[in-house]
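Here's the structure we're looking at; comments come further down.
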Amino acid sequence: MMGWKDIPPGMVILEPGSALKIKTGSWRAFRPRWIEENCIQCLLCWLYCPDNAVKVKDGKRQDFDFDYCKGCGLCALECPGKKGNKAIVMEEEVK
Amino acid sequence: MTKVVAVTGNEAVANAFRQVEPDVCAAYPITPQTELMQRFASFVSDGKVKTELVLVESEHSALSACVGAAAAGGRVATATASQGLALAWEILFIASGFRLPIVMPVVNRALSAPINIHCDHSDAMGARDSGWIQLWSENAQEAYDNTIQAFRIAEHMDIRLPVMICYDGFIISHSIERIEYLDDELVKKFVGEYKPLYPLLDVDKPKSYGPLILTDLYMEVRRSQAEVYKKVPKVVLEVAKEFKKISGRSYGLFEAYRLDDAEIGVVILNSAAGTTKDVIDEYRAQGVKVGLLKPRLFRPFPYEEVGEALKHLKAVCVLDRADGFGGSFGPLYLDIAASLCNFKEKPILINRIYGLGGRDYMPEHAQQVIEELQKIAKTGKVKILKEYIGVRE
């Protein structure tokens with residue numbers, strides 16, 4: 001851990017993207033499960049995710065990045081699903 | 001070349017702002033600071049300066065805008081007083097915690113309730129532990145000189161802290177005095193071109209201000225900030241030395257007036273020090289060995305230097321223009337007591353509260369204090385440790 005002599009003035013963080021080092025997945029109490037057959041690829045989940053934990057490759061939704069997903073459930077709430085069937089459901093995290 | 005003028009304290013400080021020409025100035029009017037920002041706003045409107053003047057809806061917003069502008073990488077100034085400073089209180093700690101060199105004159109005025117527009121020091125004293133450097137000023141000349149020096153102190157790369165310049169509301173801010181202005185070019189050269197540290201607008205080097213720091217690191221961050229204050233007195237003296245070269249006027253951490261051979265002494269801030277010095281001269285003419293100490297750098301407080309300057313006295317009265325409610329003493333008294341507490345030989349201290357809400361501090365008040373100090377020095381006995389003076393029973 002950093003000692004006080006290593007603190008930069010004003011605690012300004014000089015390294016861009018350093019938040020990646022803090023994996024917040026362990027905060028999760030509920031875990032989103034992606035149900036691919038109900039997914040219409042609208043990417044609303046990607047848009048709403050506050051932690052950039054919905055991965056997209058070549059315009060297609062991939063699975064969650066569980067290193068950073070805090071389980072807030074915004075994606076599941078916003079998901080329109082297909083014909084009334086949600087493509088994201090929240091399940092209790094199993095320890 | 002210096003120019004001798006007859007101006008109010010506010011006009012003098014507005015002129016210092018014009019000469020320094022900050023990049024951004026966000027402010028909200030409050031008596032008795034209003035005239036300062038009104039005059040500076042005229043300089044902006046008349047094209048005398050290129051400063052971006054941000055007229056906001058409150059002092060909380062004013063200081064918030066200053067924090068943003070300073071983090072972006074600009075030289076930033078504002079000014080306030082009393083309730084305005086109280087409203088900006090939350091942001092004071094953010095400015096100092098981010099180590100942003102914002103310069104802010106505080107035109108000392110009493111706090112509500114009861115509402116009052118006149119001078120006392122309760123506003124700035126309330127903010128004394130907010131991490132800002134505080135320079136206190138006896139008169140318009142000192143307010144002007146301290147404002148110019150404040151930019152150099154705040155922006156020093158070893159310091160990078162915000163600075164308040166305190167001067168007495170109405171007594172100094174609205175009274176016309178003879179003062180000497182420095183030449184515009186001389187001031188510009190003295191403050192120099194602004195060098196930002198970690199500017200947000202340097203987009204090639206992205207950075208983040210204001211991270212969440214919890215139990216694992218907060219204490220280290222505070223400890224590292226505490227270290228900076230140890231460097232401030234040295235920088236204040238270096239800047240004062242350079243300022244003397246261009247102005248001929250001397251500044252230190254405090255003013256010691258006829259103190260070296262004194263037996264009794266008065267400690268007092270700002271304009272009332274002038275009145276007290278006149279009375280001291282009268283007593284000196286009668287052979288009474290009395291002196292005065294007027295703090296200039298009040299935060300960080302130069303405990304060692306002040307203790308050394310006062311320890312030889314027999315009795316000292318600390319005059320506070322703000323009370324510390326709750327059975328405690330005035331804020332200045334507490335620091336003077338702390339400066340002296342570890343010396344074996346030290347003066348007897350008393351605390352007197354004066355001048356609240358603009359109540360005049362008259363020569364007879366200084367006389368009353370000096371008479372009492374003479375008795376204490378003679379008998380070694382204190383009747384009342386702390387009391388109000390100039391108050392009706």
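Residue numbering restarts at 1 in every chain; chains get A, B, ... in the order shown in the structure tokens, and ligands count up from 1 in that same order.
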TODO: Assign secondary structure with DSSP using the backbone only, and return the residues of region 2-115 of chain B in strand (DSSP E or B) as a ChimeraX atom specification.
DONE: /B:3-8,24-27,52-55,76-77,80,103-108
TODO: Could you give me, as a ChimeraX atom specification, the residues within 6 Å of Trp34 (chain A), counting only C-alpha atoms and dropping anything in the same chain fewer than 2 positions from it?
DONE: /A:36,87-88
Task: Surrounding residues of Trp46 (chain A) excluding itself and chain neighbours under 3 positions, 12 Å, only C-alpha atoms, as a PyMOL selection string - done: chain A and resi 41-43+49-57+59-65+69+74-76+78-79+88
- [ ] Hey, list the chain B side of the contact with chain A: 8 Å cut-off, only C-alpha atoms, answer as a VMD selection string.
- [x] chain B and resid 96 to 100 198 205 to 211 217 220 to 221 223 to 225
Emit the selected residues as an mmCIF file, in the first residue's frame, including N, CA and C atoms.
data_model
loop_
_atom_site.group_PDB
_atom_site.id
_atom_site.type_symbol
_atom_site.label_atom_id
_atom_site.label_comp_id
_atom_site.auth_asym_id
_atom_site.auth_seq_id
_atom_site.Cartn_x
_atom_site.Cartn_y
_atom_site.Cartn_z
ATOM 1 N N SER B 96 -8.777 23.402 -0.846
ATOM 2 C CA SER B 96 -7.489 23.109 -0.206
ATOM 3 C C SER B 96 -7.111 21.642 -0.377
ATOM 4 N N GLY B 97 -8.113 20.757 -0.324
ATOM 5 C CA GLY B 97 -7.835 19.322 -0.496
ATOM 6 C C GLY B 97 -7.331 19.006 -1.896
ATOM 7 N N PHE B 98 -7.842 19.744 -2.895
ATOM 8 C CA PHE B 98 -7.360 19.573 -4.274
ATOM 9 C C PHE B 98 -6.051 20.332 -4.518
ATOM 10 N N ARG B 99 -5.637 21.109 -3.522
ATOM 11 C CA ARG B 99 -4.408 21.920 -3.617
ATOM 12 C C ARG B 99 -4.489 22.914 -4.778
ATOM 13 N N LEU B 100 -5.580 23.673 -4.795
ATOM 14 C CA LEU B 100 -5.794 24.640 -5.865
ATOM 15 C C LEU B 100 -5.456 26.049 -5.372
ATOM 16 N N TYR B 198 -1.055 19.880 -12.984
ATOM 17 C CA TYR B 198 -2.117 18.915 -13.304
ATOM 18 C C TYR B 198 -3.380 19.579 -13.886
ATOM 19 N N LYS B 205 -2.774 14.498 -21.373
ATOM 20 C CA LYS B 205 -2.433 13.788 -20.132
ATOM 21 C C LYS B 205 -3.682 13.724 -19.265
ATOM 22 N N PRO B 206 -4.564 12.754 -19.535
ATOM 23 C CA PRO B 206 -5.817 12.697 -18.764
ATOM 24 C C PRO B 206 -5.568 12.445 -17.285
ATOM 25 N N LYS B 207 -6.390 13.046 -16.445
ATOM 26 C CA LYS B 207 -6.233 12.871 -15.001
ATOM 27 C C LYS B 207 -7.589 13.030 -14.321
ATOM 28 N N SER B 208 -7.680 12.553 -13.096
ATOM 29 C CA SER B 208 -8.952 12.652 -12.363
ATOM 30 C C SER B 208 -8.759 13.418 -11.065
ATOM 31 N N TYR B 209 -9.637 14.404 -10.814
ATOM 32 C CA TYR B 209 -9.684 15.109 -9.533
ATOM 33 C C TYR B 209 -10.827 14.515 -8.707
ATOM 34 N N GLY B 210 -10.612 14.433 -7.406
ATOM 35 C CA GLY B 210 -11.698 14.100 -6.489
ATOM 36 C C GLY B 210 -12.058 12.639 -6.373
ATOM 37 N N PRO B 211 -11.071 11.744 -6.288
ATOM 38 C CA PRO B 211 -11.431 10.332 -6.123
ATOM 39 C C PRO B 211 -11.994 10.048 -4.732
ATOM 40 N N LEU B 217 -6.720 4.693 2.661
ATOM 41 C CA LEU B 217 -5.760 5.692 2.165
ATOM 42 C C LEU B 217 -6.018 7.121 2.660
ATOM 43 N N GLU B 220 -3.402 8.721 4.935
ATOM 44 C CA GLU B 220 -2.145 9.030 4.248
ATOM 45 C C GLU B 220 -2.291 10.327 3.446
ATOM 46 N N VAL B 221 -3.463 10.513 2.813
ATOM 47 C CA VAL B 221 -3.692 11.739 2.028
ATOM 48 C C VAL B 221 -3.660 12.959 2.946
ATOM 49 N N ARG B 223 -2.207 13.159 5.886
ATOM 50 C CA ARG B 223 -0.846 13.321 6.424
ATOM 51 C C ARG B 223 0.050 14.029 5.411
ATOM 52 N N SER B 224 -0.117 13.692 4.130
ATOM 53 C CA SER B 224 0.720 14.326 3.109
ATOM 54 C C SER B 224 0.350 15.803 2.964
ATOM 55 N N GLN B 225 -0.936 16.126 3.128
ATOM 56 C CA GLN B 225 -1.341 17.541 3.057
ATOM 57 C C GLN B 225 -0.774 18.318 4.251
#
Task: Selection: 10 Å around Leu87 (chain B), only C-alpha atoms, excl. self and same-chain fewer than 4 positions, as a PyMOL selection string - done: chain B and resi 58-61+63+81-83+91-92
Filtering to N, CA and C atoms, could you give me those residues as a PDB file, in the first residue's frame?
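Output file out38.pdb is given in full below:
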ATOM      1  N   SER B  58     -24.624  32.274  -5.929  1.00  0.00           N
ATOM      2  CA  SER B  58     -24.326  32.181  -4.497  1.00  0.00           C
ATOM      3  C   SER B  58     -22.824  32.027  -4.315  1.00  0.00           C
ATOM      4  N   GLU B  59     -22.374  32.175  -3.081  1.00  0.00           N
ATOM      5  CA  GLU B  59     -20.945  31.994  -2.803  1.00  0.00           C
ATOM      6  C   GLU B  59     -20.542  30.527  -2.901  1.00  0.00           C
ATOM      7  N   HIS B  60     -21.482  29.636  -2.615  1.00  0.00           N
ATOM      8  CA  HIS B  60     -21.200  28.202  -2.761  1.00  0.00           C
ATOM      9  C   HIS B  60     -20.869  27.923  -4.232  1.00  0.00           C
ATOM     10  N   SER B  61     -21.660  28.523  -5.120  1.00  0.00           N
ATOM     11  CA  SER B  61     -21.420  28.357  -6.554  1.00  0.00           C
ATOM     12  C   SER B  61     -20.158  29.101  -6.988  1.00  0.00           C
ATOM     13  N   LEU B  63     -17.385  29.699  -5.330  1.00  0.00           N
ATOM     14  CA  LEU B  63     -16.165  28.961  -5.025  1.00  0.00           C
ATOM     15  C   LEU B  63     -16.114  27.637  -5.802  1.00  0.00           C
ATOM     16  N   ALA B  81     -17.164  37.551   2.162  1.00  0.00           N
ATOM     17  CA  ALA B  81     -17.210  38.035   3.542  1.00  0.00           C
ATOM     18  C   ALA B  81     -18.320  37.287   4.273  1.00  0.00           C
ATOM     19  N   SER B  82     -18.173  37.224   5.583  1.00  0.00           N
ATOM     20  CA  SER B  82     -19.262  36.830   6.495  1.00  0.00           C
ATOM     21  C   SER B  82     -20.109  35.651   6.037  1.00  0.00           C
ATOM     22  N   GLN B  83     -21.419  35.896   5.831  1.00  0.00           N
ATOM     23  CA  GLN B  83     -22.354  34.824   5.468  1.00  0.00           C
ATOM     24  C   GLN B  83     -21.949  34.154   4.156  1.00  0.00           C
ATOM     25  N   ILE B  91     -17.006  24.183   0.261  1.00  0.00           N
ATOM     26  CA  ILE B  91     -16.086  24.157  -0.872  1.00  0.00           C
ATOM     27  C   ILE B  91     -14.669  24.593  -0.467  1.00  0.00           C
ATOM     28  N   LEU B  92     -14.550  25.276   0.686  1.00  0.00           N
ATOM     29  CA  LEU B  92     -13.220  25.677   1.155  1.00  0.00           C
ATOM     30  C   LEU B  92     -12.305  24.463   1.257  1.00  0.00           C
TER      31      LEU B  92
END
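Of the listed residues B:Ser45, B:Gln367, B:Asn351, B:Thr215, the one whose atoms come nearest to Thr275 (chain B) is B:Gln367, with distances taken using only C-alpha atoms.
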Open item on the list: Using DSSP secondary structure from the backbone, list all helix (DSSP H, G or I) positions within chain A, as a list of chain:residue names.
Closed with: A:Trp4, A:Lys5, A:Asp6, A:Pro9, A:Gly10, A:Met11, A:Ser18, A:Ala19, A:Leu20, A:Lys21, A:Gly25, A:Ser26, A:Trp27, A:Glu36, A:Glu37, A:Asn38, A:Leu44, A:Cys45, A:Trp46, A:Leu47, A:Tyr48, A:Leu74, A:Cys75, A:Ala76, A:Leu77, A:Glu78
TODO: Rounded to one decimal place, report the CA of Ser130 (chain B)-CA of Tyr218 (chain B) distance in Å.
DONE: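 Going from CA of Ser130 (chain B) over to CA of Tyr218 (chain B), I get 16.4 Å.
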- [ ] Within 9 Å of Ala65 (chain B), counting only C-alpha atoms, which residues show up once you throw out same-chain ones fewer than 5 positions away? Write them as a PyMOL selection string, please.
- [x] chain B and resi 24-27+54+56+60+70
Open item on the list: Show me, as a list in words, the residues that have an atom within 12 Å of Phe30 (chain A) when counting only C-alpha atoms, minus same-chain residues fewer than 6 positions from it.
Closed with: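 Once the adjacent positions are removed, what remains is Phe66, Cys69, Lys70, Gly71, Cys72, Gly73, Leu74, Ala76, Ile88, Val89, Met90, Glu91, Glu92, Glu93, Val94 and Lys95 of chain A.
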TODO: Fewer than 3 positions away in the same chain doesn't count, so skip those; otherwise give me all residues within 10 Å of His156 (chain B), counting only C-alpha atoms, as a ChimeraX atom specification.
DONE: /B:101,150-153,159-161,195,232,235-236,239
